[in-house]
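Just query_10.cif here, mmCIF, C-alpha atoms and all ligand atoms:
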```cif
data_run
loop_
_atom_site.label_atom_id
_atom_site.label_comp_id
_atom_site.auth_asym_id
_atom_site.auth_seq_id
_atom_site.Cartn_x
_atom_site.Cartn_y
_atom_site.Cartn_z
CA MET A 880 0.00 0.00 0.00
CA ALA A 881 1.30 3.47 -0.90
CA ASN A 882 2.33 5.74 1.99
CA LEU A 883 -0.24 8.39 2.88
CA PRO A 884 0.91 11.94 2.16
CA ASP A 885 2.53 13.73 5.09
CA LEU A 886 0.19 16.60 5.98
CA ARG A 887 1.97 17.80 9.12
CA VAL A 888 2.87 21.47 9.37
CA GLN A 889 4.99 23.51 11.74
CA LEU A 890 3.46 26.97 11.98
CA ALA A 891 5.95 28.54 14.37
CA PRO A 892 9.47 27.42 13.51
CA ARG A 893 10.95 30.55 15.14
CA CYS A 894 9.26 29.92 18.48
CA PRO A 895 10.87 27.49 20.95
CA LYS A 896 7.42 26.05 21.80
CA GLY A 897 6.54 25.64 18.11
CA LEU A 898 3.03 25.12 16.78
CA ALA A 899 2.83 21.65 15.26
CA LEU A 900 -0.35 20.75 13.40
CA SER A 901 -1.24 17.26 12.21
CA ASN A 902 -2.63 18.81 9.01
CA PRO A 903 -3.17 22.28 7.51
CA VAL A 904 -6.96 22.65 7.96
CA MET A 905 -7.93 25.09 10.71
CA VAL A 906 -11.23 26.67 11.73
CA ALA A 907 -11.18 30.48 11.51
CA ALA A 908 -11.89 32.79 14.45
CA GLY A 909 -15.48 33.73 15.26
CA ILE A 910 -17.08 30.83 13.42
CA VAL A 911 -17.49 28.12 16.08
CA GLY A 912 -17.22 30.18 19.27
CA TYR A 913 -15.02 28.12 21.60
CA GLY A 914 -15.43 24.88 19.63
CA THR A 915 -17.39 23.06 22.33
CA GLU A 916 -20.73 22.81 20.50
CA TYR A 917 -18.89 22.21 17.22
CA SER A 918 -17.11 19.24 18.83
CA GLU A 919 -20.52 17.61 19.33
CA ILE A 920 -21.24 17.52 15.59
CA VAL A 921 -17.81 17.19 13.99
CA ASP A 922 -14.81 15.07 15.01
CA ILE A 923 -12.70 18.17 15.57
CA GLN A 924 -9.74 16.16 16.87
CA LYS A 925 -9.02 15.32 13.23
CA LEU A 926 -8.55 19.01 12.34
CA GLY A 927 -5.27 20.90 12.22
CA ALA A 928 -6.33 23.55 14.77
CA ILE A 929 -9.29 25.53 16.09
CA VAL A 930 -9.13 29.31 16.48
CA CYS A 931 -11.60 30.56 19.10
CA LYS A 932 -13.74 33.71 19.10
CA GLY A 933 -11.92 37.05 19.49
CA THR A 934 -11.24 37.50 23.20
CA THR A 935 -10.98 40.80 25.07
CA LEU A 936 -10.01 41.76 28.61
CA MET A 937 -13.61 42.28 29.74
CA PRO A 938 -16.69 40.43 28.43
CA ARG A 939 -18.45 42.19 25.54
CA ALA A 940 -22.08 42.08 24.41
CA GLY A 941 -21.26 42.93 20.78
CA ASN A 942 -23.31 45.11 18.43
CA THR A 943 -27.10 45.30 18.29
CA GLN A 944 -29.10 43.23 15.77
CA PRO A 945 -29.37 42.93 12.84
CA ARG A 946 -25.70 42.11 12.54
CA LEU A 947 -25.59 39.46 9.81
CA VAL A 948 -26.79 39.92 6.23
CA GLU A 949 -26.31 37.72 3.18
CA THR A 950 -24.96 39.33 0.00
CA ALA A 951 -24.11 37.86 -3.42
CA SER A 952 -21.63 35.05 -2.67
CA GLY A 953 -20.89 36.56 0.70
CA LEU A 954 -21.85 37.34 4.26
CA LEU A 955 -21.68 40.76 5.89
CA ASN A 956 -21.26 40.74 9.66
CA SER A 957 -21.00 43.32 12.39
CA VAL A 958 -21.03 40.97 15.37
CA GLY A 959 -18.67 43.34 17.14
CA LEU A 960 -16.51 40.98 19.16
CA GLU A 961 -19.18 39.55 21.45
CA ASN A 962 -17.22 37.34 23.86
CA ILE A 963 -17.04 36.07 27.43
CA GLY A 964 -13.77 37.83 28.30
CA VAL A 965 -10.39 36.32 29.05
CA ASP A 966 -11.03 35.36 32.70
CA ALA A 967 -14.10 33.25 31.84
CA LEU A 968 -12.19 31.72 28.92
CA ILE A 969 -9.40 30.63 31.27
CA ARG A 970 -11.85 29.37 33.90
CA ASP A 971 -14.47 27.64 31.71
CA LYS A 972 -12.99 26.83 28.28
CA ALA A 973 -9.26 26.15 28.65
CA PRO A 974 -9.79 23.13 30.98
CA ILE A 975 -11.96 21.53 28.26
CA TRP A 976 -9.35 22.26 25.58
CA ALA A 977 -6.63 20.75 27.78
CA ASN A 978 -8.22 17.34 27.12
CA TRP A 979 -8.31 17.86 23.36
CA GLN A 980 -5.75 16.56 20.93
CA VAL A 981 -6.44 19.38 18.45
CA PRO A 982 -4.46 22.55 19.26
CA VAL A 983 -6.60 25.55 20.23
CA ILE A 984 -5.41 29.03 19.33
CA VAL A 985 -6.89 32.00 21.16
CA ASN A 986 -7.82 34.94 18.94
CA VAL A 987 -7.13 38.15 20.90
CA ALA A 988 -8.63 41.60 20.31
CA GLY A 989 -8.09 44.92 22.04
CA GLU A 990 -8.70 48.63 21.91
CA THR A 991 -5.26 49.61 23.20
CA ILE A 992 -1.82 48.01 23.22
CA ASP A 993 -2.16 47.64 26.99
CA GLU A 994 -5.36 45.62 26.53
CA TYR A 995 -3.76 43.21 24.03
CA VAL A 996 -0.79 42.81 26.38
CA ALA A 997 -3.00 42.24 29.43
CA VAL A 998 -5.05 39.53 27.69
CA VAL A 999 -2.00 37.72 26.32
CA ALA A 1000 -0.17 37.94 29.67
CA LYS A 1001 -3.14 36.26 31.40
CA LEU A 1002 -2.96 33.35 28.91
CA GLU A 1003 0.68 32.60 29.71
CA GLY A 1004 1.08 29.15 31.25
CA VAL A 1005 -2.63 28.25 30.90
CA SER A 1006 -2.93 24.63 29.92
CA GLY A 1007 -5.07 23.90 26.84
CA ILE A 1008 -3.85 26.89 24.80
CA SER A 1009 -1.35 26.24 22.03
CA GLY A 1010 -1.00 29.69 20.51
CA ILE A 1011 -2.23 33.26 20.14
CA GLU A 1012 -3.73 34.82 17.04
CA LEU A 1013 -3.78 38.61 17.27
CA ASN A 1014 -6.72 40.26 15.52
CA ILE A 1015 -5.21 43.62 14.62
CA SER A 1016 -8.27 44.79 12.66
CA CYS A 1017 -9.43 46.62 15.79
CA PRO A 1018 -9.57 50.40 16.23
CA ASN A 1019 -6.90 51.84 18.54
CA VAL A 1020 -8.85 54.16 20.84
CA SER A 1021 -5.66 55.85 22.05
CA ALA A 1022 -4.72 56.79 18.47
CA GLY A 1023 -7.98 58.35 17.29
CA GLY A 1024 -9.57 55.05 16.25
CA ILE A 1025 -7.12 54.10 13.49
CA GLU A 1026 -6.97 50.30 13.15
CA PHE A 1027 -3.73 48.66 14.34
CA GLY A 1028 -3.63 46.60 11.17
CA VAL A 1029 -3.59 49.48 8.69
CA ASP A 1030 -0.45 51.17 9.96
CA PRO A 1031 2.89 49.30 9.78
CA LYS A 1032 4.26 51.07 12.88
CA LEU A 1033 1.20 50.35 15.02
CA ALA A 1034 1.08 46.76 13.76
CA ALA A 1035 4.76 46.33 14.62
CA THR A 1036 4.37 47.94 18.06
CA VAL A 1037 1.49 45.71 19.12
CA THR A 1038 3.34 42.63 17.82
CA SER A 1039 6.51 43.28 19.79
CA ALA A 1040 4.57 44.31 22.92
CA VAL A 1041 2.66 41.01 22.90
CA LYS A 1042 5.73 38.90 22.07
CA ALA A 1043 7.44 40.37 25.14
CA VAL A 1044 4.87 38.88 27.53
CA THR A 1045 4.32 35.39 26.12
CA SER A 1046 6.22 32.24 25.35
CA LEU A 1047 3.33 31.01 23.17
CA PRO A 1048 3.61 31.26 19.38
CA VAL A 1049 2.01 34.46 18.09
CA ILE A 1050 0.20 34.62 14.75
CA ILE A 1051 -0.65 38.10 13.50
CA LYS A 1052 -3.93 38.21 11.56
CA LEU A 1053 -3.81 40.90 8.91
CA SER A 1054 -6.58 43.17 7.69
CA PRO A 1055 -7.15 43.33 3.92
CA ASN A 1056 -8.36 46.94 4.24
CA VAL A 1057 -4.93 48.38 3.46
CA THR A 1058 -3.04 49.77 0.49
CA ASP A 1059 0.08 47.62 0.81
CA ILE A 1060 -0.42 44.29 2.61
CA LYS A 1061 3.21 43.29 2.14
CA GLU A 1062 4.48 46.32 4.06
CA ILE A 1063 2.34 45.37 7.09
CA ALA A 1064 3.33 41.69 6.84
CA LEU A 1065 7.05 42.46 6.76
CA ALA A 1066 6.68 44.94 9.67
CA VAL A 1067 5.09 42.31 11.92
CA GLU A 1068 7.58 39.65 10.81
CA GLU A 1069 10.44 41.94 11.79
CA SER A 1070 8.78 42.60 15.15
CA GLY A 1071 8.78 38.94 16.09
CA ALA A 1072 5.57 37.46 14.68
CA ASP A 1073 5.85 33.66 14.44
CA ALA A 1074 3.33 33.40 11.60
CA ILE A 1075 0.90 35.56 9.65
CA SER A 1076 -2.74 34.77 8.91
CA LEU A 1077 -4.73 36.61 6.29
CA ILE A 1078 -7.28 37.84 5.54
CA ASN A 1079 -9.82 39.19 7.99
CA THR A 1080 -13.09 40.47 6.51
CA VAL A 1081 -13.26 43.14 3.81
CA LYS A 1082 -15.15 46.31 4.77
CA GLY A 1083 -18.60 46.50 3.15
CA MET A 1084 -22.25 47.52 3.47
CA ALA A 1085 -25.72 46.74 2.13
CA ILE A 1086 -28.84 48.93 1.98
CA ASP A 1087 -32.48 47.86 2.19
CA ILE A 1088 -33.96 50.11 -0.49
CA ASN A 1089 -37.58 49.59 0.65
CA GLU A 1090 -36.79 50.56 4.22
CA GLY A 1091 -34.35 53.18 2.99
CA LYS A 1092 -31.74 52.23 5.58
CA PRO A 1093 -28.64 50.07 5.93
CA CYS A 1094 -29.29 46.35 6.44
CA LEU A 1095 -26.89 46.26 9.41
CA GLU A 1096 -27.73 48.23 12.55
CA ASN A 1097 -24.03 49.14 12.67
CA ILE A 1098 -24.38 50.48 9.05
CA THR A 1099 -21.13 48.86 7.87
CA GLY A 1100 -19.65 45.43 8.44
CA GLY A 1101 -17.08 42.90 7.26
CA LEU A 1102 -17.57 40.83 4.12
CA SER A 1103 -16.59 37.14 4.12
CA GLY A 1104 -17.30 34.04 2.02
CA PRO A 1105 -16.61 33.14 -1.63
CA ALA A 1106 -16.90 36.80 -2.72
CA ILE A 1107 -13.55 37.60 -1.06
CA LYS A 1108 -11.57 34.52 -2.12
CA PRO A 1109 -9.69 36.08 -5.05
CA ILE A 1110 -8.70 39.06 -2.87
CA ALA A 1111 -7.46 36.75 -0.12
CA LEU A 1112 -5.58 34.54 -2.57
CA TYR A 1113 -3.84 37.53 -4.12
CA MET A 1114 -2.82 38.85 -0.71
CA VAL A 1115 -1.52 35.47 0.44
CA TYR A 1116 0.53 35.23 -2.76
CA GLU A 1117 1.93 38.76 -2.31
CA VAL A 1118 2.90 38.14 1.32
CA ALA A 1119 4.18 34.56 0.94
CA LYS A 1120 6.58 35.61 -1.84
CA ASP A 1121 8.64 37.69 0.60
CA ALA A 1122 7.81 36.49 4.10
CA HIS A 1123 10.21 34.19 5.97
CA ILE A 1124 7.60 32.94 8.40
CA PRO A 1125 4.62 30.66 7.71
CA VAL A 1126 1.55 32.23 6.10
CA ILE A 1127 -1.96 30.97 6.85
CA GLY A 1128 -4.54 31.58 4.11
CA CYS A 1129 -8.14 32.49 4.89
CA GLY A 1130 -11.03 33.98 2.94
CA GLY A 1131 -13.83 32.26 1.07
CA ILE A 1132 -12.41 28.75 1.31
CA ALA A 1133 -15.35 26.42 0.69
CA CYS A 1134 -13.86 23.24 -0.83
CA ALA A 1135 -10.57 21.35 -1.10
CA GLU A 1136 -9.79 23.00 -4.45
CA ASP A 1137 -10.02 26.43 -2.82
CA ALA A 1138 -7.69 25.31 -0.03
CA LEU A 1139 -5.22 23.88 -2.55
CA GLU A 1140 -5.16 27.19 -4.41
CA PHE A 1141 -4.09 28.92 -1.20
CA ILE A 1142 -1.43 26.30 -0.53
CA MET A 1143 -0.09 26.70 -4.07
CA ALA A 1144 -0.04 30.47 -3.54
CA GLY A 1145 2.31 29.90 -0.61
CA ALA A 1146 0.10 29.22 2.42
CA SER A 1147 1.38 26.63 4.89
CA ALA A 1148 -2.13 26.16 6.30
CA VAL A 1149 -5.67 27.38 5.69
CA GLN A 1150 -8.54 28.58 7.84
CA VAL A 1151 -12.14 27.80 6.95
CA GLY A 1152 -14.73 30.35 8.07
CA THR A 1153 -18.11 31.24 6.58
CA ALA A 1154 -18.41 27.94 4.65
CA ILE A 1155 -18.76 26.14 8.02
CA LEU A 1156 -21.89 28.17 8.78
CA THR A 1157 -23.73 26.46 5.91
CA ASN A 1158 -22.03 23.06 6.20
CA PRO A 1159 -20.32 22.30 9.53
CA HIS A 1160 -18.71 19.18 8.05
CA ILE A 1161 -16.95 21.06 5.26
CA SER A 1162 -13.73 21.39 7.30
CA LEU A 1163 -13.18 17.62 7.33
CA THR A 1164 -14.33 17.29 3.70
CA ILE A 1165 -11.67 19.84 2.74
CA LEU A 1166 -9.04 17.88 4.67
CA GLU A 1167 -9.97 14.64 2.89
CA GLY A 1168 -9.92 16.41 -0.47
CA ILE A 1169 -6.40 17.75 0.11
CA GLU A 1170 -5.22 14.27 1.06
CA HIS A 1171 -6.78 12.70 -2.05
CA PHE A 1172 -5.29 15.37 -4.33
CA LEU A 1173 -1.78 14.73 -3.02
CA GLU A 1174 -2.25 10.98 -3.31
CA ASP A 1175 -3.56 11.26 -6.88
CA LYS A 1176 -0.63 13.43 -7.93
CA GLY A 1177 1.90 11.25 -6.12
CA ILE A 1178 3.04 14.19 -3.98
CA GLY A 1179 4.49 12.99 -0.68
CA SER A 1180 3.98 16.10 1.44
CA LEU A 1181 2.46 19.56 1.54
CA THR A 1182 5.78 21.25 0.98
CA GLY A 1183 5.72 19.77 -2.51
CA LEU A 1184 2.90 22.20 -3.24
CA THR A 1185 4.00 25.27 -1.29
CA ARG A 1186 7.38 25.32 -2.96
CA VAL A 1187 5.83 25.97 -6.36
CA VAL A 1188 5.34 29.62 -5.47
CA ARG A 1189 8.99 29.94 -4.55
CA ASP A 1190 9.87 28.67 -8.01
CA ASN A 1191 7.34 31.09 -9.56
CA CYS A 1192 5.79 28.11 -11.23
CA PHE A 1193 2.21 27.04 -10.81
CA VAL A 1194 2.59 23.49 -12.03
CA PRO A 1195 2.94 21.26 -8.98
CA SER A 1196 6.11 19.28 -9.32
CA PRO A 1197 5.60 15.90 -7.66
CA LEU A 1198 8.20 14.83 -5.15
CA PRO A 1199 9.89 11.49 -5.81
CA PRO A 1200 7.65 8.58 -4.80
CA PRO A 1201 8.11 7.62 -1.13
CA PHE A 1202 9.75 4.27 -1.94
CA LYS A 1203 13.18 3.22 -3.21
CA GLU A 1204 13.55 2.07 -6.83
CA GLU A 1205 14.52 -1.65 -7.03
CA GLY A 1206 17.84 -2.52 -8.62
C1 LIG A 1301 -19.56 35.90 12.08
C2 LIG A 1301 -18.09 36.12 11.99
C3 LIG A 1301 -17.36 36.41 13.13
C4 LIG A 1301 -15.98 36.62 13.06
N1 LIG A 1301 -15.27 36.88 14.21
C5 LIG A 1301 -13.91 37.06 14.14
C6 LIG A 1301 -13.15 37.27 15.32
O1 LIG A 1301 -13.65 37.25 16.45
N2 LIG A 1301 -11.80 37.49 15.18
C7 LIG A 1301 -11.18 37.48 13.95
O2 LIG A 1301 -9.97 37.68 13.87
N3 LIG A 1301 -11.88 37.23 12.82
C8 LIG A 1301 -13.23 37.04 12.89
N4 LIG A 1301 -13.94 36.78 11.75
C9 LIG A 1301 -13.23 36.70 10.45
C10 LIG A 1301 -12.96 35.26 10.04
O3 LIG A 1301 -12.17 34.58 10.99
C11 LIG A 1301 -12.27 35.21 8.66
O4 LIG A 1301 -11.04 35.90 8.72
C12 LIG A 1301 -13.12 35.84 7.56
O5 LIG A 1301 -14.49 35.56 7.75
C13 LIG A 1301 -12.71 35.39 6.16
O6 LIG A 1301 -12.82 34.01 6.01
P1 LIG A 1301 -14.13 33.27 5.37
O7 LIG A 1301 -14.44 33.99 4.10
O8 LIG A 1301 -13.74 31.84 5.21
O9 LIG A 1301 -15.23 33.44 6.38
C14 LIG A 1301 -15.32 36.56 11.80
C15 LIG A 1301 -16.08 36.25 10.65
C16 LIG A 1301 -17.43 36.03 10.73
C17 LIG A 1301 -18.19 35.69 9.47
#
```

Take the structure in the file and write it out as structure tokens.
Ligand SMILES: Cc1cc2nc3c(=O)[nH]c(=O)nc-3n(C[C@H](O)[C@H](O)[C@H](O)COP(=O)(O)O)c2cc1C
Amino acid sequence: MANLPDLRVQLAPRCPKGLALSNPVMVAAGIVGYGTEYSEIVDIQKLGAIVCKGTTLMPRAGNTQPRLVETASGLLNSVGLENIGVDALIRDKAPIWANWQVPVIVNVAGETIDEYVAVVAKLEGVSGISGIELNISCPNVSAGGIEFGVDPKLAATVTSAVKAVTSLPVIIKLSPNVTDIKEIALAVEESGADAISLINTVKGMAIDINEGKPCLENITGGLSGPAIKPIALYMVYEVAKDAHIPVIGCGGIACAEDALEFIMAGASAVQVGTAILTNPHISLTILEGIEHFLEDKGIGSLTGLTRVVRDNCFVPSPLPPPFKEEG
């Protein structure tokens, strides 16, 4: 029987603790809360990793309804970081995760650098947490509301401030709402980020013409789903070309073929978001599809695909078969 392809990935080679995944399929932040209900319907232990809902220092109620609206091939949301707060997460969720095989990454949000630092410092040494993902698409209230993720200096400052208080691997999640994504990516890499994930939602809005008012109570929101996939793919490609740390692709991934596109564009792993809201099982279907693709092409490991971007060539070059030629 042929050897199964090796799907393991190391997402934090620069961090002494590392972030080893059994495969590259992760669940994106904000999609399955803390993963506990999701674990009742899907065998999540088979997944690469789970990223939990954005967590802040204090609990947050989020924005008022309506805060979700469907658009052509997409979903607009203005959930507004509803979450239980870091203390409840440590008390009620981390002990559950500590019994899981699948690594759980805590997505962290904040309104000031001090808030990001305080949340991350509280997570240090908590069992059940394998890494931090910093959502830097949040407005910095001490800097007039400019988002951390749109300014390379702010993005770099929050990255190094957080790295200074944790031994956990830190993934910086980039906002697509910028002019030059590569500039931000390289700034956070230089400031100690262990990996980069991209993209968060794309700013958007929808108007109910009969009511004559925006569909979202918050007026604007973030667009996700298939509509943003080409944007996300382009940004992953742009960043992966020059980054020296692993890149995690996210945005509109709804099938194995989508995930493979991101991997060929240079992503070491992928996050599945909105697609899970319509089919919770899609994460595992995507994983199986990646495995079958590699098997069919006779490619022994994921790196056989990611390296194609380095060679500027989009034809996957199969690795030698995983057995020795006789004679
Ligand atoms: C309802 C909803 C809530 C989200 N909450 C978060 C969050 O708390 N933190 C974060 O970094 N991203 C959050 N996101 C963004 C997703 O993690 C992901 O980056 C984005 O939706 C693009 O991927 P997709 O098109 O596969 O959904 C949220 C997205 C949705 C749809």

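Using all atoms listed in the file, the smallest distance between any of A:Ile910, A:Ala1138, A:Leu1095, A:Ile1011 and ligand LIG 1301 (chain A) comes from A:Ile910.
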
Selection: 12 Å around A:Lys972, only C-alpha atoms, excl. self and same-chain fewer than 4 positions, as a list in words: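 My reading of the contact set: Gly912, Tyr913, Gly914, Thr915, Glu916, Cys931, Lys932, Thr934, Ile963, Gly964, Val965, Asp966, Ala967, Leu968, Trp976, Ala977, Asn978, Trp979, Val983, Ile984, Val985, Leu1002, Val1005, Ser1006, Gly1007 and Ile1008 of chain A.
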
Which residue gives the smallest distance to A:Ala928 among A:Leu1163, A:Ala1034, A:Cys894, A:Ile1086, with all atoms listed in the file counted?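 Among A:Leu1163, A:Ala1034, A:Cys894, A:Ile1086, it is A:Leu1163 that comes nearest to A:Ala928.
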
Can you pull out every residue within 6 Å of A:Ser1103, counting all atoms listed in the file, but drop anything in the same chain fewer than 4 positions away, and send it as a count of residues only? 3

Counting only C-alpha atoms and all ligand atoms, which protein, DNA or RNA residues come within 7 Å of ligand LIG 1301 (chain A), given as a PyMOL selection string? chain A and resi 907-910+932-933+954+956+958+960+986+1014+1052+1077-1080+1103-1105+1107-1108+1129-1132+1150-1154

Could you build a table of the residues in stretch 1031-1050 of chain A lying no more than 12 Å from stretch 1109-1124 of chain A, giving for each the nearest pair of atoms and their separation in Å rounded to one decimal place, using only C-alpha atoms, ordered by chain and ascending residue number, as a tab-separated table?
```
residue	atom	partner	partner_atom	distance
A:Pro1048	CA	A:Ile1124	CA	11.8
A:Val1049	CA	A:Ile1124	CA	11.3
A:Ile1050	CA	A:Ile1124	CA	9.9
```

Which residues, written as a PyMOL selection string, have at least one atom at most 7 Å from A:Leu1047, with all atoms listed in the file counted and residues fewer than 4 positions away on the same chain left out? chain A and resi 896+1009-1011

Can you find the residues with an atom no farther than 9 Å from (-1.3, 46.9, 21.7), counting only C-alpha atoms, and report them as a ChimeraX atom specification? /A:989-996,1015,1019,1027,1033-1034,1036-1041

Preceding selection exported with C-alpha atoms as a compact mmCIF listing (two decimals), keeping the file's coordinate frame:
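As written to disk, selection14.txt reads:
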```
# COMPACT_ATOMS: atom_id res chain seq x y z
CA GLY A 989 -8.09 44.92 22.04
CA GLU A 990 -8.70 48.63 21.91
CA THR A 991 -5.26 49.61 23.20
CA ILE A 992 -1.82 48.01 23.22
CA ASP A 993 -2.16 47.64 26.99
CA GLU A 994 -5.36 45.62 26.53
CA TYR A 995 -3.76 43.21 24.03
CA VAL A 996 -0.79 42.81 26.38
CA ILE A 1015 -5.21 43.62 14.62
CA ASN A 1019 -6.90 51.84 18.54
CA PHE A 1027 -3.73 48.66 14.34
CA LEU A 1033 1.20 50.35 15.02
CA ALA A 1034 1.08 46.76 13.76
CA THR A 1036 4.37 47.94 18.06
CA VAL A 1037 1.49 45.71 19.12
CA THR A 1038 3.34 42.63 17.82
CA SER A 1039 6.51 43.28 19.79
CA ALA A 1040 4.57 44.31 22.92
CA VAL A 1041 2.66 41.01 22.90
```

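Distances to A:Ile1098 were evaluated for A:Val911, A:Ile1169, A:Ile1127, A:Met1084 using only C-alpha atoms, and the minimum falls at A:Met1084.
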
How far is it from atom CA of A:Gly927 to atom CA of A:Ala1148, in Å with one decimal? 8.5 Å

Atom pair atom CA of A:Val1057 + atom CA of A:Gly1028, distance 8.0 Å

At what distance in Å, to one decimal, does atom CA of A:Cys1094 lie from atom CA of A:Asn942?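 Between atom CA of A:Asn942 and atom CA of A:Cys1094 the gap works out to 13.5 Å.
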
From the set A:Leu1139, A:Pro1159, A:Gly1023, A:Ser1054, which residue has the shortest atom-to-atom contact distance to A:Leu1173, counting all atoms listed in the file? A:Leu1139

Here is a test: counting all atoms listed in the file, which residue of A:Thr1157, A:Ser1076, A:Ser1046, A:Ser918 is nearest to A:Arg893? A:Ser1046

Which residues are close to A:Ala1085, i.e. within 10 Å by all atoms listed in the file, leaving aside same-chain residues fewer than 3 positions away? Reply as a PyMOL selection string. chain A and resi 948-950+955+1088+1092-1095+1098-1100

Here is a test: counting only C-alpha atoms, which residue of A:Asp1030, A:Glu1069, A:Asp885, A:Asp1087 is nearest to A:Leu1181?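 Checking each candidate against A:Leu1181, we get A:Asp885 as the closest.
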